[in-house]
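Participant: Next up, data31.pdb (PDB, C-alpha atoms and all ligand atoms).
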```pdb
ATOM      1  CA  MET K   1       0.000   0.000   0.000  1.00  0.00           C
ATOM      2  CA  ILE K   2       1.229   3.491  -0.860  1.00  0.00           C
ATOM      3  CA  PHE K   3      -0.341   6.013   1.510  1.00  0.00           C
ATOM      4  CA  THR K   4       1.091   9.315   2.734  1.00  0.00           C
ATOM      5  CA  VAL K   5       0.066  11.110   5.893  1.00  0.00           C
ATOM      6  CA  ALA K   6       1.320  14.721   5.793  1.00  0.00           C
ATOM      7  CA  ILE K   7       1.445  16.409   9.194  1.00  0.00           C
ATOM      8  CA  ASP K   8       2.405  20.077   9.441  1.00  0.00           C
ATOM      9  CA  GLY K   9       2.268  22.751  12.098  1.00  0.00           C
ATOM     10  CA  PRO K  10       4.273  25.227  14.158  1.00  0.00           C
ATOM     11  CA  ALA K  11       7.026  24.412  16.637  1.00  0.00           C
ATOM     12  CA  ALA K  12       6.119  22.232  19.640  1.00  0.00           C
ATOM     13  CA  ALA K  13       2.442  21.861  18.679  1.00  0.00           C
ATOM     14  CA  GLY K  14       2.551  18.093  19.215  1.00  0.00           C
ATOM     15  CA  LYS K  15       3.374  17.022  15.638  1.00  0.00           C
ATOM     16  CA  GLY K  16       6.160  14.703  16.713  1.00  0.00           C
ATOM     17  CA  THR K  17       4.131  12.787  19.300  1.00  0.00           C
ATOM     18  CA  ILE K  18       1.099  12.551  17.033  1.00  0.00           C
ATOM     19  CA  SER K  19       3.139  11.528  13.985  1.00  0.00           C
ATOM     20  CA  LYS K  20       4.941   8.740  15.826  1.00  0.00           C
ATOM     21  CA  ALA K  21       1.657   7.451  17.268  1.00  0.00           C
ATOM     22  CA  VAL K  22      -0.152   7.588  13.910  1.00  0.00           C
ATOM     23  CA  ALA K  23       2.736   5.762  12.214  1.00  0.00           C
ATOM     24  CA  ALA K  24       2.756   3.083  14.941  1.00  0.00           C
ATOM     25  CA  TYR K  25      -1.040   2.697  14.803  1.00  0.00           C
ATOM     26  CA  PHE K  26      -1.110   2.109  11.034  1.00  0.00           C
ATOM     27  CA  GLY K  27       2.261   0.312  10.864  1.00  0.00           C
ATOM     28  CA  MET K  28       3.737   3.002   8.616  1.00  0.00           C
ATOM     29  CA  ALA K  29       7.243   4.465   8.474  1.00  0.00           C
ATOM     30  CA  HIS K  30       7.773   7.890  10.056  1.00  0.00           C
ATOM     31  CA  LEU K  31      10.060  10.747   9.030  1.00  0.00           C
ATOM     32  CA  ASP K  32      10.485  13.830  11.225  1.00  0.00           C
ATOM     33  CA  THR K  33      11.599  16.186   8.453  1.00  0.00           C
ATOM     34  CA  GLY K  34      12.589  18.822  11.026  1.00  0.00           C
ATOM     35  CA  LEU K  35      15.546  16.577  11.826  1.00  0.00           C
ATOM     36  CA  LEU K  36      16.866  17.053   8.274  1.00  0.00           C
ATOM     37  CA  TYR K  37      16.971  20.835   8.766  1.00  0.00           C
ATOM     38  CA  ARG K  38      18.303  20.446  12.311  1.00  0.00           C
ATOM     39  CA  ALA K  39      21.099  18.171  11.024  1.00  0.00           C
ATOM     40  CA  VAL K  40      22.028  20.759   8.380  1.00  0.00           C
ATOM     41  CA  GLY K  41      21.805  23.523  11.013  1.00  0.00           C
ATOM     42  CA  LEU K  42      24.147  21.615  13.328  1.00  0.00           C
ATOM     43  CA  LYS K  43      26.720  21.147  10.567  1.00  0.00           C
ATOM     44  CA  VAL K  44      26.536  24.877   9.794  1.00  0.00           C
ATOM     45  CA  LEU K  45      27.040  25.728  13.483  1.00  0.00           C
ATOM     46  CA  ASN K  46      30.156  23.532  13.264  1.00  0.00           C
ATOM     47  CA  GLY K  47      31.473  25.669  10.409  1.00  0.00           C
ATOM     48  CA  CYS K  48      30.247  23.823   7.299  1.00  0.00           C
ATOM     49  CA  ASP K  49      28.650  25.375   4.252  1.00  0.00           C
ATOM     50  CA  PRO K  50      24.808  25.031   4.248  1.00  0.00           C
ATOM     51  CA  LEU K  51      24.474  23.555   0.769  1.00  0.00           C
ATOM     52  CA  ALA K  52      27.401  21.151   1.184  1.00  0.00           C
ATOM     53  CA  SER K  53      25.852  20.105   4.507  1.00  0.00           C
ATOM     54  CA  ALA K  54      22.465  19.437   2.912  1.00  0.00           C
ATOM     55  CA  ARG K  55      24.180  17.372   0.183  1.00  0.00           C
ATOM     56  CA  SER K  56      26.040  15.245   2.717  1.00  0.00           C
ATOM     57  CA  ILE K  57      23.148  14.451   5.085  1.00  0.00           C
ATOM     58  CA  CYS K  58      22.777  10.750   5.868  1.00  0.00           C
ATOM     59  CA  PHE K  59      20.519   8.731   8.206  1.00  0.00           C
ATOM     60  CA  GLU K  60      23.151   8.628  10.981  1.00  0.00           C
ATOM     61  CA  ASP K  61      23.131  12.444  11.110  1.00  0.00           C
ATOM     62  CA  LEU K  62      19.466  12.308  12.165  1.00  0.00           C
ATOM     63  CA  HIS K  63      20.343  10.399  15.335  1.00  0.00           C
ATOM     64  CA  ASN K  64      22.774  12.974  16.728  1.00  0.00           C
ATOM     65  CA  SER K  65      21.749  13.683  20.322  1.00  0.00           C
ATOM     66  CA  ASN K  66      22.577  17.401  19.967  1.00  0.00           C
ATOM     67  CA  LEU K  67      19.805  18.023  17.430  1.00  0.00           C
ATOM     68  CA  ARG K  68      17.127  18.997  19.977  1.00  0.00           C
ATOM     69  CA  SER K  69      18.931  22.043  21.446  1.00  0.00           C
ATOM     70  CA  PRO K  70      17.450  25.558  21.037  1.00  0.00           C
ATOM     71  CA  GLU K  71      20.624  26.715  19.218  1.00  0.00           C
ATOM     72  CA  VAL K  72      20.257  23.959  16.634  1.00  0.00           C
ATOM     73  CA  ALA K  73      16.520  24.731  16.264  1.00  0.00           C
ATOM     74  CA  GLU K  74      17.370  28.333  15.441  1.00  0.00           C
ATOM     75  CA  ALA K  75      20.132  27.339  13.023  1.00  0.00           C
ATOM     76  CA  ALA K  76      17.677  24.882  11.401  1.00  0.00           C
ATOM     77  CA  SER K  77      15.078  27.563  10.780  1.00  0.00           C
ATOM     78  CA  LYS K  78      17.767  29.809   9.243  1.00  0.00           C
ATOM     79  CA  VAL K  79      19.080  27.178   6.811  1.00  0.00           C
ATOM     80  CA  ALA K  80      15.460  26.220   6.059  1.00  0.00           C
ATOM     81  CA  GLY K  81      15.066  29.611   4.383  1.00  0.00           C
ATOM     82  CA  ILE K  82      17.747  28.795   1.796  1.00  0.00           C
ATOM     83  CA  VAL K  83      16.068  27.677  -1.448  1.00  0.00           C
ATOM     84  CA  GLU K  84      18.984  25.464  -2.528  1.00  0.00           C
ATOM     85  CA  VAL K  85      19.059  23.666   0.826  1.00  0.00           C
ATOM     86  CA  ARG K  86      15.338  22.873   0.577  1.00  0.00           C
ATOM     87  CA  ALA K  87      15.780  21.705  -3.031  1.00  0.00           C
ATOM     88  CA  GLU K  88      18.588  19.383  -1.967  1.00  0.00           C
ATOM     89  CA  LEU K  89      16.370  17.687   0.659  1.00  0.00           C
ATOM     90  CA  LEU K  90      13.322  17.368  -1.599  1.00  0.00           C
ATOM     91  CA  ALA K  91      13.946  14.080  -3.434  1.00  0.00           C
ATOM     92  CA  PHE K  92      14.693  12.119  -0.254  1.00  0.00           C
ATOM     93  CA  GLN K  93      11.460  13.299   1.400  1.00  0.00           C
ATOM     94  CA  LYS K  94       9.362  12.657  -1.709  1.00  0.00           C
ATOM     95  CA  SER K  95      10.642   9.134  -2.132  1.00  0.00           C
ATOM     96  CA  PHE K  96      10.222   8.406   1.603  1.00  0.00           C
ATOM     97  CA  ALA K  97       6.599   9.546   1.323  1.00  0.00           C
ATOM     98  CA  ARG K  98       5.807   7.057  -1.445  1.00  0.00           C
ATOM     99  CA  ARG K  99       7.540   4.034   0.088  1.00  0.00           C
ATOM    100  CA  GLU K 100       5.657   0.753   0.168  1.00  0.00           C
ATOM    101  CA  GLY K 101       3.713   0.262   3.402  1.00  0.00           C
ATOM    102  CA  GLY K 102       2.777   3.901   3.891  1.00  0.00           C
ATOM    103  CA  ALA K 103       4.590   6.845   5.437  1.00  0.00           C
ATOM    104  CA  VAL K 104       3.931   9.619   7.906  1.00  0.00           C
ATOM    105  CA  LEU K 105       5.999  12.778   7.433  1.00  0.00           C
ATOM    106  CA  ASP K 106       5.865  15.762   9.740  1.00  0.00           C
ATOM    107  CA  GLY K 107       7.211  19.236   9.138  1.00  0.00           C
ATOM    108  CA  ARG K 108       6.142  22.609   7.809  1.00  0.00           C
ATOM    109  CA  ASP K 109       5.605  22.119   4.070  1.00  0.00           C
ATOM    110  CA  ILE K 110       4.676  18.450   3.755  1.00  0.00           C
ATOM    111  CA  GLY K 111       1.048  18.927   2.707  1.00  0.00           C
ATOM    112  CA  THR K 112       1.824  21.927   0.514  1.00  0.00           C
ATOM    113  CA  VAL K 113       5.170  21.290  -1.220  1.00  0.00           C
ATOM    114  CA  ILE K 114       6.616  17.840  -0.474  1.00  0.00           C
ATOM    115  CA  CYS K 115       3.396  15.816  -0.811  1.00  0.00           C
ATOM    116  CA  PRO K 116       0.612  18.018  -2.205  1.00  0.00           C
ATOM    117  CA  ASP K 117      -1.172  14.791  -3.220  1.00  0.00           C
ATOM    118  CA  ALA K 118      -0.908  13.130   0.212  1.00  0.00           C
ATOM    119  CA  GLU K 119      -3.907  10.906   0.918  1.00  0.00           C
ATOM    120  CA  SER K 120      -4.294  12.424   4.394  1.00  0.00           C
ATOM    121  CA  LYS K 121      -3.230  15.861   5.635  1.00  0.00           C
ATOM    122  CA  LEU K 122      -3.307  17.205   9.170  1.00  0.00           C
ATOM    123  CA  PHE K 123      -2.302  20.604  10.515  1.00  0.00           C
ATOM    124  CA  ILE K 124      -1.495  20.451  14.219  1.00  0.00           C
ATOM    125  CA  THR K 125      -1.487  23.656  16.205  1.00  0.00           C
ATOM    126  CA  ALA K 126      -1.730  24.970  19.786  1.00  0.00           C
ATOM    127  CA  SER K 127      -1.538  28.364  21.447  1.00  0.00           C
ATOM    128  CA  ALA K 128       1.939  29.880  21.697  1.00  0.00           C
ATOM    129  CA  LYS K 129       1.756  29.758  25.499  1.00  0.00           C
ATOM    130  CA  VAL K 130       0.925  26.049  25.590  1.00  0.00           C
ATOM    131  CA  ARG K 131       3.594  25.255  23.006  1.00  0.00           C
ATOM    132  CA  ALA K 132       6.258  27.175  24.918  1.00  0.00           C
ATOM    133  CA  SER K 133       5.362  25.449  28.164  1.00  0.00           C
ATOM    134  CA  ARG K 134       5.547  21.992  26.529  1.00  0.00           C
ATOM    135  CA  ARG K 135       8.892  22.772  24.881  1.00  0.00           C
ATOM    136  CA  CYS K 136      10.237  24.133  28.148  1.00  0.00           C
ATOM    137  CA  GLN K 137       9.342  20.893  29.955  1.00  0.00           C
ATOM    138  CA  GLU K 138      10.892  18.830  27.155  1.00  0.00           C
ATOM    139  CA  LEU K 139      14.151  20.816  27.236  1.00  0.00           C
ATOM    140  CA  ARG K 140      14.348  20.658  31.039  1.00  0.00           C
ATOM    141  CA  LYS K 141      13.752  16.918  30.947  1.00  0.00           C
ATOM    142  CA  ASN K 142      16.771  16.701  28.633  1.00  0.00           C
ATOM    143  CA  GLY K 143      18.898  18.615  31.125  1.00  0.00           C
ATOM    144  CA  MET K 144      18.732  22.036  29.443  1.00  0.00           C
ATOM    145  CA  ASN K 145      18.050  24.902  31.809  1.00  0.00           C
ATOM    146  CA  ILE K 146      16.222  27.655  29.957  1.00  0.00           C
ATOM    147  CA  SER K 147      13.567  30.145  31.082  1.00  0.00           C
ATOM    148  CA  ALA K 148       9.965  29.873  29.900  1.00  0.00           C
ATOM    149  CA  GLU K 149      10.184  33.468  28.586  1.00  0.00           C
ATOM    150  CA  GLN K 150      13.232  32.637  26.474  1.00  0.00           C
ATOM    151  CA  VAL K 151      11.556  29.514  25.058  1.00  0.00           C
ATOM    152  CA  LEU K 152       8.452  31.522  24.117  1.00  0.00           C
ATOM    153  CA  LYS K 153      10.593  34.227  22.503  1.00  0.00           C
ATOM    154  CA  ASP K 154      12.541  31.621  20.499  1.00  0.00           C
ATOM    155  CA  LEU K 155       9.356  29.838  19.360  1.00  0.00           C
ATOM    156  CA  LEU K 156       7.713  33.050  18.190  1.00  0.00           C
ATOM    157  CA  ALA K 157      10.839  34.132  16.314  1.00  0.00           C
ATOM    158  CA  ARG K 158      11.069  30.733  14.626  1.00  0.00           C
ATOM    159  CA  ASP K 159       7.335  30.687  13.770  1.00  0.00           C
ATOM    160  CA  ALA K 160       7.696  34.135  12.176  1.00  0.00           C
ATOM    161  CA  ARG K 161      10.745  33.061  10.166  1.00  0.00           C
ATOM    162  CA  ASP K 162       9.024  29.840   9.040  1.00  0.00           C
ATOM    163  CA  THR K 163       5.797  31.654   8.090  1.00  0.00           C
ATOM    164  CA  ASP K 164       7.325  34.659   6.364  1.00  0.00           C
ATOM    165  CA  ARG K 165       9.940  32.946   4.194  1.00  0.00           C
ATOM    166  CA  ALA K 166       9.457  33.090   0.437  1.00  0.00           C
ATOM    167  CA  THR K 167      10.062  29.391  -0.266  1.00  0.00           C
ATOM    168  CA  ALA K 168       7.798  26.703   1.212  1.00  0.00           C
ATOM    169  CA  PRO K 169       6.466  28.842   4.062  1.00  0.00           C
ATOM    170  CA  MET K 170       4.606  27.161   6.898  1.00  0.00           C
ATOM    171  CA  ILE K 171       0.968  27.352   5.882  1.00  0.00           C
ATOM    172  CA  GLN K 172      -2.043  25.131   6.423  1.00  0.00           C
ATOM    173  CA  ALA K 173      -2.898  23.215   3.239  1.00  0.00           C
ATOM    174  CA  VAL K 174      -6.471  24.010   2.190  1.00  0.00           C
ATOM    175  CA  ASP K 175      -7.389  20.333   2.167  1.00  0.00           C
ATOM    176  CA  SER K 176      -5.936  19.555   5.603  1.00  0.00           C
ATOM    177  CA  ILE K 177      -7.735  18.824   8.867  1.00  0.00           C
ATOM    178  CA  LEU K 178      -6.929  21.271  11.666  1.00  0.00           C
ATOM    179  CA  ILE K 179      -6.307  19.849  15.142  1.00  0.00           C
ATOM    180  CA  ASP K 180      -5.758  22.356  17.959  1.00  0.00           C
ATOM    181  CA  THR K 181      -4.085  20.468  20.804  1.00  0.00           C
ATOM    182  CA  SER K 182      -4.131  23.381  23.301  1.00  0.00           C
ATOM    183  CA  GLN K 183      -6.880  21.791  25.409  1.00  0.00           C
ATOM    184  CA  LEU K 184      -6.386  18.157  24.410  1.00  0.00           C
ATOM    185  CA  SER K 185      -4.674  15.373  26.332  1.00  0.00           C
ATOM    186  CA  VAL K 186      -2.014  13.485  24.381  1.00  0.00           C
ATOM    187  CA  ASP K 187      -4.340  10.474  24.058  1.00  0.00           C
ATOM    188  CA  ASP K 188      -7.221  12.614  22.774  1.00  0.00           C
ATOM    189  CA  ALA K 189      -5.003  14.400  20.260  1.00  0.00           C
ATOM    190  CA  ILE K 190      -3.727  11.061  18.956  1.00  0.00           C
ATOM    191  CA  ALA K 191      -7.276   9.662  18.792  1.00  0.00           C
ATOM    192  CA  GLU K 192      -8.434  12.664  16.724  1.00  0.00           C
ATOM    193  CA  ALA K 193      -5.503  12.288  14.356  1.00  0.00           C
ATOM    194  CA  VAL K 194      -5.988   8.529  13.946  1.00  0.00           C
ATOM    195  CA  ALA K 195      -9.718   9.031  13.282  1.00  0.00           C
ATOM    196  CA  ALA K 196      -8.979  11.664  10.628  1.00  0.00           C
ATOM    197  CA  VAL K 197      -6.488   9.381   8.858  1.00  0.00           C
ATOM    198  CA  LYS K 198      -8.851   6.383   9.058  1.00  0.00           C
ATOM    199  CA  LYS K 199     -11.494   8.323   7.170  1.00  0.00           C
ATOM    200  CA  ARG K 200      -9.082   8.651   4.239  1.00  0.00           C
ATOM    201  CA  ILE K 201      -8.168   4.955   4.059  1.00  0.00           C
ATOM    202  CA  VAL K 202     -10.311   3.244   1.458  1.00  0.00           C
ATOM    203  CA  LEU K 203     -10.499  -0.464   2.184  1.00  0.00           C
TER     204      LEU K 203
HETATM  205  O1  LIG K 301      10.383  20.295  16.834  1.00  0.00           O
HETATM  206  P1  LIG K 301       9.988  21.637  16.314  1.00  0.00           P
HETATM  207  O2  LIG K 301       8.562  21.691  15.875  1.00  0.00           O
HETATM  208  O3  LIG K 301      10.376  22.744  17.253  1.00  0.00           O
HETATM  209  O4  LIG K 301      10.892  21.933  15.032  1.00  0.00           O
HETATM  210  P2  LIG K 301      11.305  20.945  13.866  1.00  0.00           P
HETATM  211  O5  LIG K 301      10.102  20.294  13.283  1.00  0.00           O
HETATM  212  O6  LIG K 301      12.395  20.044  14.340  1.00  0.00           O
HETATM  213  O7  LIG K 301      11.883  21.950  12.764  1.00  0.00           O
HETATM  214  C1  LIG K 301      13.014  22.767  13.001  1.00  0.00           C
HETATM  215  C2  LIG K 301      13.031  23.827  11.919  1.00  0.00           C
HETATM  216  O8  LIG K 301      13.228  23.198  10.655  1.00  0.00           O
HETATM  217  C3  LIG K 301      11.731  24.610  11.768  1.00  0.00           C
HETATM  218  O9  LIG K 301      11.675  25.747  12.605  1.00  0.00           O
HETATM  219  C4  LIG K 301      11.733  24.982  10.292  1.00  0.00           C
HETATM  220  O10 LIG K 301      12.423  26.168  10.047  1.00  0.00           O
HETATM  221  C5  LIG K 301      12.494  23.853   9.640  1.00  0.00           C
HETATM  222  N1  LIG K 301      11.624  22.919   8.917  1.00  0.00           N
HETATM  223  C6  LIG K 301      11.188  23.268   7.659  1.00  0.00           C
HETATM  224  O11 LIG K 301      11.458  24.365   7.187  1.00  0.00           O
HETATM  225  N2  LIG K 301      10.453  22.399   6.909  1.00  0.00           N
HETATM  226  C7  LIG K 301      10.138  21.207   7.394  1.00  0.00           C
HETATM  227  N3  LIG K 301       9.436  20.361   6.632  1.00  0.00           N
HETATM  228  C8  LIG K 301      10.527  20.832   8.698  1.00  0.00           C
HETATM  229  C9  LIG K 301      11.269  21.726   9.447  1.00  0.00           C
END
```
I'd like the structure from this file rewritten - as structure tokens, please.
Ligand code: CDP

Facilitator:
Amino acid sequence: MIFTVAIDGPAAAGKGTISKAVAAYFGMAHLDTGLLYRAVGLKVLNGCDPLASARSICFEDLHNSNLRSPEVAEAASKVAGIVEVRAELLAFQKSFARREGGAVLDGRDIGTVICPDAESKLFITASAKVRASRRCQELRKNGMNISAEQVLKDLLARDARDTDRATAPMIQAVDSILIDTSQLSVDDAIAEAVAAVKKRIVL
């Protein structure tokens, strides 16, 4: 079966958790496309050229434990504005999306640019305050000490950069289902997402 679930949304809205759960539920492969940009961002922070970094990305780079830091997130959103970097990462994402067995991809431009023909599209959002508080907890759990105010400031700056860029800006695809997780438990958010995907599976 070829079936693509495209999941987009702003930073820390719950895309990652929902995407992993949806992929596990349907037995599909999952790609967190943010990790591609984070891996390029990390290489750039280490002094490499953005385009050369994008060209050299391999699966092992996506498992680097430093990818979740706020500095790498910021570097990721900067390299994500470079047209040539995005172009370099396009083919890998497109082919992942059409792999046999189905695929869930989460990011910013999956339903609009990478997989405009995805069988199922979700746009996951939450209020900025809720997102900042979740990200803060996540970072603290990983041993990073950062104030809630700084996390909120970083998220808003990144959202603005992702929304305002000329190429593949973060935007809700017109044919996507909106899920606002601000008031939802993790289980309820996952249940809504799974139900939305189920409706698109023709048996
Ligand atoms: O985990 P979080 O939602 O904070 O971010 P992420 O999904 O890991 O993405 C990090 C950055 O990569 C974003 O702020 C975007 O600038 C960029 N990105 C993108 O441009 N397109 C994607 N499909 C995925 C991520």

Participant: Return the single residue from K:Arg98, K:His30, K:Lys141, K:Arg135 that is closest to ligand LIG 301 (chain K), with distances computed using all atoms listed in the file.

Facilitator: K:Arg135

Participant: Report, in Å to a single decimal, how far apart CA of Val174 in chain K and CA of Ile124 in chain K are.

Facilitator: 13.5 Å

Participant: At most 6 Å is the cut-off: for each residue in chain K with any atom that close to an atom of ligand LIG 301 (chain K), write down the nearest atom pair and the distance in Å rounded to one decimal, counting all atoms listed in the file, chain first then increasing number, as JSON lines.

Facilitator:
```
{"residue": "K:Pro10", "atom": "CA", "partner": "K:LIG301", "partner_atom": "O2", "distance": 5.8}
{"residue": "K:Ala11", "atom": "CA", "partner": "K:LIG301", "partner_atom": "O2", "distance": 3.2}
{"residue": "K:Ala12", "atom": "CA", "partner": "K:LIG301", "partner_atom": "O2", "distance": 4.5}
{"residue": "K:Thr33", "atom": "CA", "partner": "K:LIG301", "partner_atom": "C8", "distance": 4.8}
{"residue": "K:Gly34", "atom": "CA", "partner": "K:LIG301", "partner_atom": "O6", "distance": 3.5}
{"residue": "K:Leu35", "atom": "CA", "partner": "K:LIG301", "partner_atom": "O6", "distance": 5.3}
{"residue": "K:Tyr37", "atom": "CA", "partner": "K:LIG301", "partner_atom": "O8", "distance": 4.8}
{"residue": "K:Arg38", "atom": "CA", "partner": "K:LIG301", "partner_atom": "C1", "distance": 5.8}
{"residue": "K:Ala73", "atom": "CA", "partner": "K:LIG301", "partner_atom": "C1", "distance": 5.2}
{"residue": "K:Ala76", "atom": "CA", "partner": "K:LIG301", "partner_atom": "C2", "distance": 4.8}
{"residue": "K:Ser77", "atom": "CA", "partner": "K:LIG301", "partner_atom": "O10", "distance": 3.1}
{"residue": "K:Ala80", "atom": "CA", "partner": "K:LIG301", "partner_atom": "O11", "distance": 4.6}
{"residue": "K:Gly107", "atom": "CA", "partner": "K:LIG301", "partner_atom": "N3", "distance": 3.5}
{"residue": "K:Arg108", "atom": "CA", "partner": "K:LIG301", "partner_atom": "N3", "distance": 4.2}
{"residue": "K:Asp109", "atom": "CA", "partner": "K:LIG301", "partner_atom": "N3", "distance": 4.9}
{"residue": "K:Ile110", "atom": "CA", "partner": "K:LIG301", "partner_atom": "N3", "distance": 5.9}
{"residue": "K:Arg158", "atom": "CA", "partner": "K:LIG301", "partner_atom": "O9", "distance": 5.4}
{"residue": "K:Asp162", "atom": "CA", "partner": "K:LIG301", "partner_atom": "O10", "distance": 5.1}
```

Participant: With distances taken over all atoms listed in the file, which residue among K:Arg68, K:His63, K:Lys121, K:Arg99 lies nearest Ala29 in chain K?

Facilitator: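 Result for the nearest residue to Ala29 in chain K: K:Arg99.
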
Participant: Point out the residue among K:Ala173, K:Val130, K:Val83, K:Val194 with the least atom-to-atom distance to Leu152 in chain K, counting only C-alpha atoms.

Facilitator: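 Nearest candidate to Leu152 in chain K out of K:Ala173, K:Val130, K:Val83, K:Val194: K:Val130.
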
Participant: What does the structure give for the distance between CA of Val202 in chain K and CA of Ile179 in chain K, in Å to one decimal?

Facilitator: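 Calculated distance between CA of Val202 in chain K and CA of Ile179 in chain K is 21.9 Å.
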
Participant: When the PyMOL selection byres (((chain K and resi 25) around 12) and not hetatm) is applied to the structure above, which residues does it catch, written out as a list in words?

Facilitator: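 Applied to this file, the PyMOL selection byres (((chain K and resi 25) around 12) and not hetatm) returns Ile18, Ser19, Lys20, Ala21, Val22, Ala23, Ala24, Phe26, Gly27, Met28, Ala29, His30, Gly102, Ala103, Val104, Ile190, Ala191, Ala193, Val194, Ala195, Val197 and Lys198 of chain K.
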
Participant: Go ahead and dump the residues you just picked, C-alpha atoms, as a compact mmCIF listing (two decimals), in the coordinates of the input.

Facilitator:
```
# COMPACT_ATOMS: atom_id res chain seq x y z
CA ILE K 18 1.10 12.55 17.03
CA SER K 19 3.14 11.53 13.98
CA LYS K 20 4.94 8.74 15.83
CA ALA K 21 1.66 7.45 17.27
CA VAL K 22 -0.15 7.59 13.91
CA ALA K 23 2.74 5.76 12.21
CA ALA K 24 2.76 3.08 14.94
CA PHE K 26 -1.11 2.11 11.03
CA GLY K 27 2.26 0.31 10.86
CA MET K 28 3.74 3.00 8.62
CA ALA K 29 7.24 4.46 8.47
CA HIS K 30 7.77 7.89 10.06
CA GLY K 102 2.78 3.90 3.89
CA ALA K 103 4.59 6.84 5.44
CA VAL K 104 3.93 9.62 7.91
CA ILE K 190 -3.73 11.06 18.96
CA ALA K 191 -7.28 9.66 18.79
CA ALA K 193 -5.50 12.29 14.36
CA VAL K 194 -5.99 8.53 13.95
CA ALA K 195 -9.72 9.03 13.28
CA VAL K 197 -6.49 9.38 8.86
CA LYS K 198 -8.85 6.38 9.06
```

Participant: Please provide the set of residues having any atom within 12 Å of Ser133 in chain K, restricted to only C-alpha atoms, with same-chain residues fewer than 3 positions apart removed, written as a PDB file with C-alpha atoms, in the coordinates of the input.

Facilitator:
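Saved result, out-v2.pdb, follows:
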```
ATOM      1  CA  ALA K  11       7.026  24.412  16.637  1.00  0.00           C
ATOM      2  CA  ALA K  12       6.119  22.232  19.640  1.00  0.00           C
ATOM      3  CA  ALA K  13       2.442  21.861  18.679  1.00  0.00           C
ATOM      4  CA  GLY K  14       2.551  18.093  19.215  1.00  0.00           C
ATOM      5  CA  ALA K 126      -1.730  24.970  19.786  1.00  0.00           C
ATOM      6  CA  SER K 127      -1.538  28.364  21.447  1.00  0.00           C
ATOM      7  CA  ALA K 128       1.939  29.880  21.697  1.00  0.00           C
ATOM      8  CA  LYS K 129       1.756  29.758  25.499  1.00  0.00           C
ATOM      9  CA  VAL K 130       0.925  26.049  25.590  1.00  0.00           C
ATOM     10  CA  CYS K 136      10.237  24.133  28.148  1.00  0.00           C
ATOM     11  CA  GLN K 137       9.342  20.893  29.955  1.00  0.00           C
ATOM     12  CA  GLU K 138      10.892  18.830  27.155  1.00  0.00           C
ATOM     13  CA  LEU K 139      14.151  20.816  27.236  1.00  0.00           C
ATOM     14  CA  ARG K 140      14.348  20.658  31.039  1.00  0.00           C
ATOM     15  CA  ILE K 146      16.222  27.655  29.957  1.00  0.00           C
ATOM     16  CA  SER K 147      13.567  30.145  31.082  1.00  0.00           C
ATOM     17  CA  ALA K 148       9.965  29.873  29.900  1.00  0.00           C
ATOM     18  CA  GLU K 149      10.184  33.468  28.586  1.00  0.00           C
ATOM     19  CA  GLN K 150      13.232  32.637  26.474  1.00  0.00           C
ATOM     20  CA  VAL K 151      11.556  29.514  25.058  1.00  0.00           C
ATOM     21  CA  LEU K 152       8.452  31.522  24.117  1.00  0.00           C
ATOM     22  CA  LYS K 153      10.593  34.227  22.503  1.00  0.00           C
ATOM     23  CA  LEU K 155       9.356  29.838  19.360  1.00  0.00           C
ATOM     24  CA  SER K 182      -4.131  23.381  23.301  1.00  0.00           C
TER      25      SER K 182
END
```

Participant: Name every residue that the PyMOL selection byres (((chain K and resi 97) around 12) and not hetatm) selects in this structure, writing the answer as number ranges by chain with chains first and numbers rising.

Facilitator: K: 1-7, 28-33, 90-96, 98-106, 110-111, 114-120

Participant: For the selection you just gave me, I'd like the residues written to a file as a CSV table (one decimal), in the coordinates of the input, keeping C-alpha atoms.

Facilitator:
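Below is the file that was written, out15.csv:
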```csv
chain,number,residue,atom,x,y,z
K,1,MET,CA,0.0,0.0,0.0
K,2,ILE,CA,1.2,3.5,-0.9
K,3,PHE,CA,-0.3,6.0,1.5
K,4,THR,CA,1.1,9.3,2.7
K,5,VAL,CA,0.1,11.1,5.9
K,6,ALA,CA,1.3,14.7,5.8
K,7,ILE,CA,1.4,16.4,9.2
K,28,MET,CA,3.7,3.0,8.6
K,29,ALA,CA,7.2,4.5,8.5
K,30,HIS,CA,7.8,7.9,10.1
K,31,LEU,CA,10.1,10.7,9.0
K,32,ASP,CA,10.5,13.8,11.2
K,33,THR,CA,11.6,16.2,8.5
K,90,LEU,CA,13.3,17.4,-1.6
K,91,ALA,CA,13.9,14.1,-3.4
K,92,PHE,CA,14.7,12.1,-0.3
K,93,GLN,CA,11.5,13.3,1.4
K,94,LYS,CA,9.4,12.7,-1.7
K,95,SER,CA,10.6,9.1,-2.1
K,96,PHE,CA,10.2,8.4,1.6
K,98,ARG,CA,5.8,7.1,-1.4
K,99,ARG,CA,7.5,4.0,0.1
K,100,GLU,CA,5.7,0.8,0.2
K,101,GLY,CA,3.7,0.3,3.4
K,102,GLY,CA,2.8,3.9,3.9
K,103,ALA,CA,4.6,6.8,5.4
K,104,VAL,CA,3.9,9.6,7.9
K,105,LEU,CA,6.0,12.8,7.4
K,106,ASP,CA,5.9,15.8,9.7
K,110,ILE,CA,4.7,18.4,3.8
K,111,GLY,CA,1.0,18.9,2.7
K,114,ILE,CA,6.6,17.8,-0.5
K,115,CYS,CA,3.4,15.8,-0.8
K,116,PRO,CA,0.6,18.0,-2.2
K,117,ASP,CA,-1.2,14.8,-3.2
K,118,ALA,CA,-0.9,13.1,0.2
K,119,GLU,CA,-3.9,10.9,0.9
K,120,SER,CA,-4.3,12.4,4.4
```

Participant: Going by the chain IDs and residue numbers used in this file, which residues fall under the PyMOL selection byres (((chain K and resi 167) around 9) and not hetatm)? Write them as a ChimeraX atom specification.

Facilitator: /K:80-83,86,164-166,168-169

Participant: Between K:Glu88, K:Asp187, K:Glu71, K:Asp61, which is the closest to Thr17 in chain K once you count all atoms listed in the file?

Facilitator: K:Asp187
